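Engineer: Following this line is start-v4.cif, made up of mmCIF, C-alpha atoms:
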```
data_work
#
loop_
_atom_site.label_atom_id
_atom_site.label_comp_id
_atom_site.auth_asym_id
_atom_site.auth_seq_id
_atom_site.Cartn_x
_atom_site.Cartn_y
_atom_site.Cartn_z
CA MET A 276 99.65 25.81 129.21
CA SER A 277 101.12 22.67 127.71
CA GLN A 278 104.03 22.81 125.33
CA VAL A 279 106.86 20.47 124.32
CA PRO A 280 110.17 22.37 124.92
CA ARG A 281 113.36 22.05 122.96
CA PRO A 282 116.07 20.15 124.90
CA SER A 283 118.10 23.35 125.32
CA GLN A 284 115.12 25.45 126.40
CA LEU A 285 114.01 26.16 129.97
CA THR A 286 110.66 24.56 130.78
CA ALA A 287 109.85 26.87 133.69
CA CYS A 288 110.92 30.33 134.82
CA PRO A 289 113.83 30.11 137.31
CA ALA A 290 112.31 33.01 139.25
CA CYS A 291 108.59 32.26 139.58
CA ARG A 292 108.28 28.72 138.07
CA GLU A 293 105.77 29.90 135.44
CA PRO A 294 105.68 27.31 132.59
CA LEU A 295 107.47 28.57 129.49
CA ASP A 296 106.94 28.32 125.77
CA PRO A 297 110.00 27.31 123.72
CA ALA A 298 109.91 30.65 121.92
CA ASP A 299 109.76 32.75 125.11
CA ASN A 300 112.57 35.24 125.67
CA PHE A 301 110.93 36.67 128.77
CA CYS A 302 108.71 35.04 131.40
CA GLY A 303 105.02 35.84 130.85
CA GLY A 304 104.41 35.77 134.61
CA CYS A 305 107.15 37.90 136.15
CA GLY A 306 108.87 39.30 133.05
CA ALA A 307 112.28 37.82 133.90
CA ASP A 308 114.94 37.78 131.16
CA LEU A 309 115.35 34.09 130.29
CA SER A 310 118.76 34.57 128.70
CA ALA A 311 120.27 34.53 132.17
CA VAL A 312 119.15 33.14 135.54
CA PRO A 313 117.67 36.08 137.46
CA PRO A 314 119.06 36.94 140.88
CA PRO A 315 117.01 35.85 143.92
CA ALA A 316 116.21 39.50 144.65
CA LEU A 317 114.09 39.64 141.50
CA LEU A 318 110.99 38.45 143.33
CA ASP A 319 111.27 41.25 145.89
CA GLU A 320 111.81 44.11 143.48
CA GLY A 321 109.29 46.33 141.74
CA PRO A 322 106.64 48.78 142.86
CA ALA A 323 104.14 47.81 145.53
CA ASP A 324 101.17 47.98 143.15
CA TYR A 325 102.60 45.44 140.72
CA ARG A 326 101.80 41.83 141.53
CA LEU A 327 103.90 38.98 140.21
CA ALA A 328 101.88 36.06 138.90
CA LEU A 329 103.07 33.25 141.15
CA PRO A 330 101.20 30.08 140.18
CA GLU A 331 100.06 27.90 143.03
CA PRO A 332 100.03 24.14 142.52
CA GLY A 333 96.47 22.91 142.48
CA ALA A 334 94.97 26.38 142.36
CA ARG A 335 91.39 26.28 141.16
CA THR A 336 90.53 27.43 137.66
CA ALA A 337 87.31 27.09 135.77
CA VAL A 338 87.33 23.79 133.92
CA ARG A 339 84.75 22.15 131.79
CA ALA A 340 83.69 18.63 132.59
CA PRO A 341 81.45 16.04 130.95
CA LEU A 342 77.89 16.35 132.11
CA ALA A 343 77.11 14.46 135.28
CA PRO A 344 73.98 12.31 135.45
CA PRO A 345 71.21 14.77 134.57
CA ALA A 346 69.07 16.25 137.28
CA PRO A 347 65.39 15.33 137.32
CA PRO A 348 63.42 17.51 134.90
CA GLY A 349 61.88 20.57 136.51
CA ASP A 350 59.39 23.21 135.59
CA GLY A 351 61.96 25.91 134.90
CA PRO A 352 65.00 27.69 136.25
CA HIS A 353 65.82 27.81 139.92
CA ARG A 354 63.79 30.58 141.61
CA PRO A 355 64.60 31.22 145.27
CA ALA A 356 61.62 32.00 147.44
CA TRP A 357 61.01 35.67 148.18
CA PRO A 358 58.75 37.33 150.74
CA PRO A 359 55.69 39.16 149.39
CA GLY A 360 56.96 42.43 147.97
CA ALA A 361 56.12 45.87 149.23
CA GLU A 362 56.10 48.83 146.89
CA ALA A 363 59.39 50.53 146.14
CA SER A 364 59.70 53.09 143.41
CA ALA A 365 62.37 55.12 141.68
CA GLY A 366 62.07 58.75 140.79
CA PRO A 367 61.71 60.15 137.27
CA GLY A 368 64.53 61.13 134.98
CA ALA A 369 67.64 59.16 133.92
CA PRO A 370 70.86 59.54 131.98
CA ASP A 371 71.17 58.90 128.29
CA PRO A 372 70.37 55.23 127.49
CA ARG A 373 73.83 54.70 126.00
CA THR A 374 75.65 55.83 129.14
CA GLY A 375 77.75 52.98 130.44
CA ALA A 376 81.10 51.29 130.69
CA VAL A 377 82.34 48.07 129.16
CA LEU A 378 85.21 46.39 131.03
CA GLY A 379 85.91 49.48 133.12
CA VAL A 380 88.19 52.47 133.27
CA PRO A 381 91.81 51.88 134.30
CA PRO A 382 93.31 54.23 136.90
CA GLN A 383 94.85 57.30 135.31
CA ALA A 384 98.45 58.24 136.00
CA GLY A 385 99.01 61.45 137.94
CA HIS A 386 100.97 64.40 136.62
CA ALA A 387 104.49 64.91 137.93
CA ALA A 388 105.68 68.25 139.25
CA PRO A 389 107.72 70.40 136.87
CA GLY A 390 111.33 69.25 136.80
CA ALA A 391 110.63 65.99 138.62
CA PRO A 392 111.90 62.73 137.10
CA PRO A 393 109.27 60.76 135.23
CA GLY A 394 107.41 58.32 137.46
CA PRO A 395 106.67 54.72 136.58
CA GLY A 396 104.45 54.47 133.56
CA ALA A 397 104.98 58.12 132.61
CA VAL A 398 104.75 58.96 128.93
CA ARG A 399 107.85 60.40 127.31
CA PRO A 400 107.09 62.26 124.08
CA GLY A 401 109.10 61.01 121.16
CA ALA A 402 110.23 57.83 122.90
CA GLY A 403 110.14 54.50 121.04
CA GLY A 404 107.69 51.68 121.71
CA THR A 405 104.75 52.76 123.88
CA GLY A 406 106.48 55.90 125.14
CA ARG A 407 106.04 54.78 128.79
CA SER A 408 108.80 54.29 131.31
CA CYS A 409 109.20 51.05 133.27
CA GLY A 410 107.47 50.83 136.63
CA SER A 411 110.16 48.46 137.92
CA CYS A 412 113.61 49.81 136.99
CA ARG A 413 112.26 53.34 136.21
CA SER A 414 114.87 53.81 133.50
CA GLY A 415 113.93 51.53 130.62
CA MET A 416 111.15 52.09 128.11
CA ILE A 417 108.20 49.79 127.51
CA ASP A 418 108.10 48.13 124.11
CA LYS A 419 104.93 47.47 122.14
CA ASP A 420 104.63 43.99 123.69
CA GLY A 421 104.47 45.40 127.22
CA TYR A 422 108.00 44.56 128.40
CA CYS A 423 110.79 46.86 129.60
CA GLU A 424 113.58 47.13 127.04
CA HIS A 425 116.10 47.53 129.87
CA CYS A 426 115.18 45.04 132.63
CA GLY A 427 112.68 42.83 130.79
CA HIS A 428 109.90 43.16 133.37
CA ALA A 429 106.32 42.74 132.13
CA GLN A 430 104.22 45.79 132.92
CA PRO A 431 100.73 45.91 134.43
CA ARG A 432 98.09 45.80 131.72
CA GLU A 433 94.92 47.84 131.44
CA ARG A 434 92.72 44.94 132.53
CA ASP A 435 94.84 44.06 135.58
CA HIS A 436 92.64 46.38 137.64
CA MET A 437 89.51 48.20 136.48
CA GLU A 438 86.71 50.03 138.25
CA HIS A 439 83.77 52.18 137.29
CA GLU A 440 80.86 53.91 139.00
CA LEU A 441 77.60 55.21 137.54
CA PRO A 442 74.44 56.40 139.30
CA GLY A 443 73.00 53.23 140.81
CA VAL A 444 75.76 50.76 139.91
CA ALA A 445 79.50 50.27 140.47
CA ALA A 446 81.94 47.54 139.43
CA VAL A 447 85.52 46.49 140.12
CA SER A 448 87.68 43.84 138.45
CA ASP A 449 91.18 42.68 139.39
CA ARG A 450 93.69 40.14 138.12
CA GLY A 451 94.13 38.64 141.58
CA LEU A 452 97.37 37.35 143.05
CA ARG A 453 98.01 34.16 141.09
CA HIS A 454 96.91 34.64 137.46
CA HIS A 455 99.14 36.30 134.87
CA ARG A 456 96.19 38.13 133.26
CA ASN A 457 92.61 39.13 133.99
CA GLU A 458 90.16 36.88 132.12
CA ASP A 459 87.09 38.44 133.77
CA ALA A 460 85.09 41.32 132.31
CA TYR A 461 82.14 43.49 133.21
CA ALA A 462 79.80 46.04 131.67
CA VAL A 463 77.57 48.49 133.59
CA SER A 464 75.01 51.05 132.45
CA ALA A 465 72.54 53.56 133.84
CA ILE A 466 69.61 53.93 131.43
CA ALA A 467 66.19 55.55 131.07
CA LEU A 468 63.10 53.45 130.48
CA ALA A 469 60.30 54.41 128.10
CA ASP A 470 58.48 56.32 130.85
CA GLY A 471 61.65 58.18 131.86
CA ALA A 472 62.23 56.13 135.02
CA PRO A 473 65.85 55.18 135.74
CA ALA A 474 67.18 51.63 135.54
CA THR A 475 70.56 50.01 135.98
CA VAL A 476 72.27 47.15 134.20
CA ALA A 477 75.27 45.02 135.20
CA VAL A 478 76.86 42.19 133.23
CA VAL A 479 79.74 40.10 134.61
CA SER A 480 81.61 37.34 132.78
CA ASP A 481 84.37 34.90 133.70
CA GLY A 482 86.54 33.48 130.90
CA VAL A 483 87.05 29.71 131.04
CA SER A 484 90.79 29.34 131.66
CA SER A 485 91.07 25.98 129.90
CA ALA A 486 89.67 27.47 126.69
CA THR A 487 91.42 29.54 124.03
CA ARG A 488 91.42 33.35 124.50
CA PRO A 489 89.14 33.41 127.55
CA ASP A 490 89.77 37.12 128.10
CA GLU A 491 88.38 37.91 124.65
CA ALA A 492 85.36 35.68 125.28
CA SER A 493 84.38 37.45 128.50
CA ALA A 494 84.83 40.89 126.96
CA ALA A 495 82.73 39.99 123.91
CA ALA A 496 79.97 38.51 126.07
CA CYS A 497 79.71 41.58 128.30
CA ALA A 498 79.70 44.04 125.42
CA ALA A 499 77.04 42.12 123.47
CA ALA A 500 74.73 41.56 126.45
CA ARG A 501 74.94 45.17 127.57
CA GLU A 502 74.28 46.44 124.05
CA LEU A 503 71.05 44.50 123.77
CA LEU A 504 69.82 45.42 127.27
CA VAL A 505 70.38 49.16 126.88
CA THR A 506 68.57 49.03 123.54
CA ALA A 507 65.64 46.76 124.44
CA LEU A 508 64.70 48.04 127.91
CA PRO A 509 64.06 51.68 126.88
CA GLN A 510 61.81 50.33 124.10
CA GLY A 511 59.56 48.72 126.70
CA GLU A 512 60.67 45.09 126.38
CA ASP A 513 59.99 42.95 129.46
CA PRO A 514 63.19 42.80 131.57
CA ARG A 515 63.10 39.01 131.77
CA GLU A 516 62.68 38.60 128.03
CA ALA A 517 65.40 41.18 127.42
CA THR A 518 67.71 39.32 129.80
CA HIS A 519 67.14 36.04 127.96
CA ASP A 520 67.78 37.71 124.59
CA ALA A 521 70.88 39.48 125.93
CA ILE A 522 72.47 36.21 127.02
CA MET A 523 71.68 34.61 123.67
CA ARG A 524 73.25 37.61 121.94
CA ALA A 525 76.31 37.20 124.17
CA ALA A 526 76.51 33.52 123.19
CA GLU A 527 76.50 34.50 119.52
CA ALA A 528 79.30 37.00 120.13
CA VAL A 529 81.45 34.37 121.85
CA ASN A 530 80.68 31.82 119.13
CA SER A 531 81.94 34.26 116.51
CA LEU A 532 85.39 34.23 118.12
CA ALA A 533 85.93 30.55 117.32
CA ALA A 534 88.62 30.04 114.69
CA PRO A 535 87.96 27.75 111.70
CA ALA A 536 88.90 24.15 112.34
CA ARG A 537 92.58 23.49 111.77
CA GLY A 538 95.24 20.93 112.60
CA PRO A 539 97.42 20.71 115.71
CA LEU A 540 99.72 23.59 116.54
CA GLN A 541 103.07 23.25 114.80
CA HIS A 542 105.17 23.40 117.97
CA ASP A 543 103.04 20.78 119.77
CA PRO A 544 101.51 17.97 117.68
CA HIS A 545 99.44 16.81 120.68
CA ARG A 546 97.79 20.14 121.43
CA HIS A 547 94.55 21.37 119.89
CA GLU A 548 92.89 24.72 120.41
CA ASN A 549 89.33 24.70 121.72
CA ALA A 550 86.81 27.47 121.27
CA PRO A 551 86.81 30.61 123.45
CA ALA A 552 84.36 30.21 126.31
CA CYS A 553 83.02 32.05 129.36
CA THR A 554 80.25 32.23 131.94
CA ILE A 555 77.84 35.14 132.28
CA VAL A 556 75.53 36.67 134.88
CA THR A 557 73.35 39.77 134.47
CA ALA A 558 71.29 41.94 136.81
CA VAL A 559 68.74 44.60 135.90
CA VAL A 560 67.00 46.93 138.37
CA THR A 561 63.83 48.54 136.96
CA GLY A 562 61.53 50.26 139.45
CA ASP A 563 60.53 47.70 142.10
CA LEU A 564 61.64 44.76 139.94
CA LEU A 565 64.97 42.93 140.09
CA THR A 566 65.79 40.58 137.19
CA VAL A 567 68.78 38.26 136.94
CA GLY A 568 70.00 35.87 134.25
CA TRP A 569 72.94 33.50 134.04
CA VAL A 570 74.77 30.62 132.39
CA GLY A 571 77.66 28.98 134.26
CA ASP A 572 78.83 29.57 137.82
CA SER A 573 79.06 33.36 138.09
CA ARG A 574 76.52 34.43 140.71
CA ALA A 575 74.10 37.08 141.96
CA TYR A 576 73.29 37.62 145.65
CA TRP A 577 70.71 39.73 147.47
CA VAL A 578 72.02 41.44 150.61
CA PRO A 579 69.37 43.42 152.55
CA GLU A 580 70.31 46.69 154.24
CA ASP A 581 68.68 45.43 157.42
CA ARG A 582 71.02 42.58 158.33
CA SER A 583 68.45 41.08 160.71
CA THR A 584 66.57 39.92 157.61
CA GLN A 585 67.56 37.03 155.37
CA PRO A 586 70.01 37.41 152.43
CA ALA A 587 69.62 35.14 149.41
CA ARG A 588 71.57 33.67 146.53
CA LEU A 589 69.60 34.42 143.37
CA THR A 590 71.34 32.04 140.96
CA GLU A 591 72.03 28.31 140.81
CA ASP A 592 75.37 27.18 139.35
CA ASP A 593 75.71 25.18 136.18
CA SER A 594 78.34 22.97 137.81
CA TRP A 595 79.10 19.38 138.69
CA ALA A 596 78.39 19.97 142.39
CA ALA A 597 75.04 21.62 141.73
CA GLN A 598 74.00 18.74 139.49
CA MET A 599 74.99 16.17 142.11
CA VAL A 600 72.90 17.95 144.74
CA ALA A 601 69.93 18.46 142.40
CA ALA A 602 69.98 14.77 141.44
CA GLY A 603 70.01 13.78 145.13
CA LEU A 604 73.27 11.86 144.70
CA LEU A 605 75.29 13.91 147.20
CA SER A 606 74.66 16.36 149.99
CA GLU A 607 75.76 19.95 149.38
CA ALA A 608 78.69 19.51 151.79
CA GLU A 609 79.80 16.30 150.08
CA ALA A 610 79.45 17.74 146.58
CA TYR A 611 81.45 20.90 147.28
CA ALA A 612 84.18 18.93 149.05
CA ASP A 613 84.81 16.96 145.85
CA GLU A 614 87.65 18.10 143.57
CA ARG A 615 85.18 18.19 140.67
CA ALA A 616 82.83 20.57 142.50
CA HIS A 617 83.57 23.67 140.41
CA ALA A 618 83.75 22.00 137.00
CA ILE A 619 81.14 23.89 135.01
CA THR A 620 78.49 22.14 132.95
CA GLY A 621 77.11 25.22 131.20
CA TRP A 622 78.96 28.01 129.41
CA LEU A 623 78.93 30.28 126.38
CA GLY A 624 81.09 29.18 123.46
CA ALA A 625 81.04 27.43 120.09
CA ASP A 626 81.66 24.02 121.69
CA ALA A 627 79.04 24.47 124.43
CA TYR A 628 75.98 22.32 124.77
CA GLU A 629 72.76 24.01 123.70
CA VAL A 630 72.65 27.33 125.56
CA GLU A 631 69.48 27.85 127.58
CA PRO A 632 69.74 30.95 129.78
CA HIS A 633 68.32 30.85 133.30
CA THR A 634 66.27 33.91 134.24
CA ALA A 635 64.40 34.96 137.37
CA SER A 636 62.59 38.08 138.60
CA PHE A 637 61.98 39.30 142.15
CA HIS A 638 60.11 42.08 143.95
CA PRO A 639 62.21 42.80 147.04
CA ASP A 640 60.16 44.32 149.85
CA ARG A 641 63.07 46.12 151.50
CA LYS A 642 66.20 48.09 150.72
CA GLY A 643 69.42 46.30 149.89
CA VAL A 644 72.04 45.63 147.24
CA VAL A 645 72.53 43.09 144.50
CA ILE A 646 76.03 41.61 144.39
CA VAL A 647 76.95 40.23 140.95
CA CYS A 648 80.30 38.43 140.89
CA THR A 649 82.61 35.76 139.52
CA ASP A 650 83.84 32.81 141.55
CA GLY A 651 87.01 34.74 142.31
CA LEU A 652 84.91 36.48 144.99
CA TRP A 653 82.30 33.91 146.02
CA ASN A 654 84.95 31.26 146.63
CA TYR A 655 85.74 33.33 149.73
CA ALA A 656 82.08 33.97 150.68
CA GLU A 657 80.08 31.14 149.17
CA SER A 658 76.82 31.24 151.09
CA ALA A 659 74.43 34.18 151.11
CA GLU A 660 75.05 34.57 154.85
CA LEU A 661 78.81 34.83 154.37
CA MET A 662 78.39 37.28 151.49
CA ALA A 663 76.21 39.45 153.73
CA GLU A 664 78.83 39.32 156.48
CA VAL A 665 81.58 40.69 154.25
CA THR A 666 79.36 43.30 152.56
CA PRO A 667 79.78 46.68 154.33
CA PRO A 668 76.65 48.10 155.99
CA ASP A 669 76.74 51.26 153.85
CA ALA A 670 76.88 49.29 150.58
CA ARG A 671 73.66 50.81 149.24
CA THR A 672 74.91 54.38 149.57
CA ARG A 673 78.56 53.67 148.66
CA PRO A 674 78.47 50.90 146.01
CA LEU A 675 81.96 51.51 144.62
CA GLU A 676 83.52 51.39 148.08
CA CYS A 677 81.53 48.20 148.71
CA ALA A 678 82.93 46.62 145.53
CA ARG A 679 86.45 47.61 146.57
CA GLN A 680 86.02 46.07 150.00
CA LEU A 681 84.69 42.84 148.55
CA LEU A 682 87.71 42.72 146.23
CA ALA A 683 89.99 43.27 149.23
CA HIS A 684 88.28 40.39 151.02
CA ALA A 685 89.04 38.05 148.11
CA LEU A 686 92.65 39.21 147.86
CA ASP A 687 93.13 38.85 151.62
CA GLY A 688 91.77 35.32 151.31
CA GLY A 689 94.44 34.39 148.76
CA GLY A 690 93.33 35.95 145.47
CA HIS A 691 93.72 32.63 143.67
CA ASP A 692 91.51 33.70 140.76
CA ASN A 693 90.52 36.85 138.90
CA VAL A 694 87.99 38.82 140.94
CA THR A 695 85.08 40.81 139.50
CA VAL A 696 82.12 42.26 141.38
CA ALA A 697 79.31 44.67 140.51
CA VAL A 698 77.07 46.27 143.15
CA LEU A 699 73.55 47.53 142.35
CA PRO A 700 71.66 49.41 145.10
CA PHE A 701 67.92 48.64 145.37
CA PRO A 702 65.68 50.55 145.02
CA LEU A 703 67.17 53.23 142.82
CA ALA A 704 67.14 56.66 144.46
CA PRO A 705 65.57 59.54 142.44
CA GLU A 706 68.88 61.39 142.55
CA GLY A 707 70.49 58.32 141.00
CA ALA A 708 69.15 59.35 137.63
CA GLY A 709 71.76 61.98 136.96
CA SER A 710 74.05 61.83 133.97
CA ALA A 711 77.40 60.08 134.35
#
```
Starting from the file, give its structure as structure tokens.
Structural biologist:
Amino acid sequence: MSQVPRPSQLTACPACREPLDPADNFCGGCGADLSAVPPPALLDEGPADYRLALPEPGARTAVRAPLAPPAPPGDGPHRPAWPPGAEASAGPGAPDPRTGAVLGVPPQAGHAAPGAPPGPGAVRPGAGGTGRSCGSCRSGMIDKDGYCEHCGHAQPRERDHMEHELPGVAAVSDRGLRHHRNEDAYAVSAIALADGAPATVAVVSDGVSSATRPDEASAAACAAARELLVTALPQGEDPREATHDAIMRAAEAVNSLAAPARGPLQHDPHRHENAPACTIVTAVVTGDLLTVGWVGDSRAYWVPEDRSTQPARLTEDDSWAAQMVAAGLLSEAEAYADERAHAITGWLGADAYEVEPHTASFHPDRKGVVIVCTDGLWNYAESAELMAEVTPPDARTRPLECARQLLAHALDGGGHDNVTVAVLPFPLAPEGAGSA
């Protein structure tokens, strides 16, 4: 953020150094009361499952950059080579086409034993604000803005950690260890095709941190893309065409979030709001066909169950580094060592260049899983070989556990960004067609 503070106003939180807005009464990162300098112990207090947002100087965030010299014109989107496919089929029957989850389901609080004191986050009937008790001091109540009325701590939000599992697809999203909110989103569905065969859909989106309301952009993109896919595929539309249309529908949804043009913000005459923006990647498994689509630098990987065979990255980033490599100006090692490497050159948003979704279809000839993720994960396993190394061997039979382990890998590596990953087993098992 960038604000001009009043002379008498703190410019950064004394506890976690999070930049402050002149109107802030509490720190948006750690929830500290700014009316008094918090004690040093503040950073060590609180429940184990609540992570303070400690910003790291130089930490990578998605940024948009001017287009680099254009790559030579090609015949179409990047399509990694694939061995000749063998037949793989899914059994008949599937859940209702509208079955699915957008963003995910937050963990539910457990019920306390009779007579036991309310636990953190417990609902107290008749209490003011949200009716939930503070997870830090355990005595104050949470107001409608998400802060404890007693100690001032910010409380974990619904999107801080989300996970969901359906037959044939699972997804997990987490705020990470450095960001004060989760700007990623996902949507997953298990659907029935026109012939009754099961299919799975996953959409993952990463909000562009330098844009306005990136969390809203990613949520809108996922919801819109999923809605079109679960409507078009059961009607017999080609998966690749449906994927293209779904990304265009997502772009329209993000465009609609842009506010009408207006002047600079009153408290900062040098600051202007830009349009909400995000990346997107989709994966659809239909019978023996795997279809992916993307705009930006969120990725899809193929990890075979037999690790003696070759994994593959299925997408090509819209980024400065990818353009440098495609144009032959830098080697891959040189490009990704540059500080501009992860600046994206394609995104969804009202101020984006003309959106042209990339799509590709494959016929895998063996069992495996599709890993669909944001850069919060692939920054810690960038190549297909590294992604295969950190993917558990039972990923195809335990997709949710696989997604959790991949999240843990990113957090163990530093968790510098939001982390979102969806796992789609291939091929779909006949029993995977049950209702969720």
Engineer: Return the single residue from A:Thr475, A:Ser448, A:Thr557, A:Ser414 that is closest to Ala704 (chain A), with distances computed using all atoms listed in the file.
Structural biologist: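 Nearest candidate to Ala704 (chain A) out of A:Thr475, A:Ser448, A:Thr557, A:Ser414: A:Thr475.
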Engineer: Enter the distance from CA of Asp490 (chain A) to CA of Asn457 (chain A), in Å, rounded to one decimal.
Structural biologist: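 Value for the CA of Asp490 (chain A)-CA of Asn457 (chain A) distance: 6.8 Å.
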Engineer: What gap, in Å, lies between CA of Cys677 (chain A) and CA of Ile555 (chain A)?
Structural biologist: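 Going from CA of Cys677 (chain A) over to CA of Ile555 (chain A) covers 21.3 Å.
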Engineer: To one decimal place, how far is CA of Thr561 (chain A) from CA of Leu681 (chain A) in Å?
Structural biologist: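 Interatomic distance here is 24.5 Å.
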Engineer: Residues of region 548-631 of chain A within 12 Å of region 503-517 of chain A: nearest atom pair and distance (Å, one decimal) for each, counting all atoms listed in the file, sorted by chain and number, as a Markdown table?
Structural biologist:
```
| residue | atom | partner | partner_atom | distance |
| --- | --- | --- | --- | --- |
| A:Thr557 | CA | A:Leu504 | CA | 9.8 |
| A:Ala558 | CA | A:Pro514 | CA | 9.7 |
| A:Val559 | CA | A:Pro514 | CA | 7.3 |
| A:Val560 | CA | A:Pro514 | CA | 8.8 |
| A:Thr561 | CA | A:Pro514 | CA | 7.9 |
| A:Gly562 | CA | A:Pro514 | CA | 11.0 |
| A:Asp563 | CA | A:Pro514 | CA | 11.9 |
| A:Leu564 | CA | A:Pro514 | CA | 8.7 |
| A:Leu565 | CA | A:Pro514 | CA | 8.7 |
| A:Thr566 | CA | A:Arg515 | CA | 6.3 |
| A:Val567 | CA | A:Arg515 | CA | 7.7 |
| A:Gly568 | CA | A:Arg515 | CA | 8.0 |
| A:Trp569 | CA | A:Arg515 | CA | 11.5 |
```
Engineer: Let me make sure I understand: among A:Ala625, A:Arg432, A:Gly651, A:Gly482, which one has the smallest atom-to-atom distance to Asp420 (chain A) if we use all atoms listed in the file?
Structural biologist: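 Counting all atoms listed in the file, the residue closest to Asp420 (chain A) is A:Arg432.
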Engineer: With distances taken over all atoms listed in the file, which of A:Asn530, A:Ser480, A:Ser636, A:Ser594 is nearest to Ala498 (chain A)?
Structural biologist: A:Ser480
Engineer: I'd like the box whose edges run along x, y and z of the file and which contains every listed atom of region 452-464 of chain A, padded by 8 Å per side; could you state its centre and edge lengths in Å, one decimal, as AutoDock Vina command-line options?
Structural biologist:
```
--center_x 87.1 --center_y 42.6 --center_z 137.4 --size_x 40.1 --size_y 32.9 --size_z 27.4
```
Engineer: Could you check which of A:Ala287, A:Cys412, A:Val556, A:Ala474 is closest to Tyr461 (chain A), using all atoms listed in the file?
Structural biologist: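 Going through A:Ala287, A:Cys412, A:Val556, A:Ala474 one by one, the smallest distance to Tyr461 (chain A) is for A:Val556.
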Engineer: Please determine the residues with any atom at most 6 Å from (81.7, 30.8, 129.4) (coordinates as given in the file, with all atoms listed in the file counting) and report them as a short mmCIF file (atom, residue, chain, number, x, y, z; two decimals) with C-alpha atoms, keeping the file's coordinate frame.
Structural biologist:
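Output contents, as saved in selection-v1.cif:
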```cif
data_model
loop_
_atom_site.label_atom_id
_atom_site.label_comp_id
_atom_site.auth_asym_id
_atom_site.auth_seq_id
_atom_site.Cartn_x
_atom_site.Cartn_y
_atom_site.Cartn_z
CA GLY A 482 86.54 33.48 130.90
CA VAL A 483 87.05 29.71 131.04
CA ALA A 552 84.36 30.21 126.31
CA CYS A 553 83.02 32.05 129.36
CA THR A 554 80.25 32.23 131.94
CA TRP A 622 78.96 28.01 129.41
CA LEU A 623 78.93 30.28 126.38
#
```
Engineer: Evaluated on this file, the PyMOL selection byres ((chain A and resi 597) around 10) picks out some residues - which ones are they, written as a PyMOL selection string?
Structural biologist: chain A and resi 343+346+572+591-596+598-603+605-607+610-611+616-620
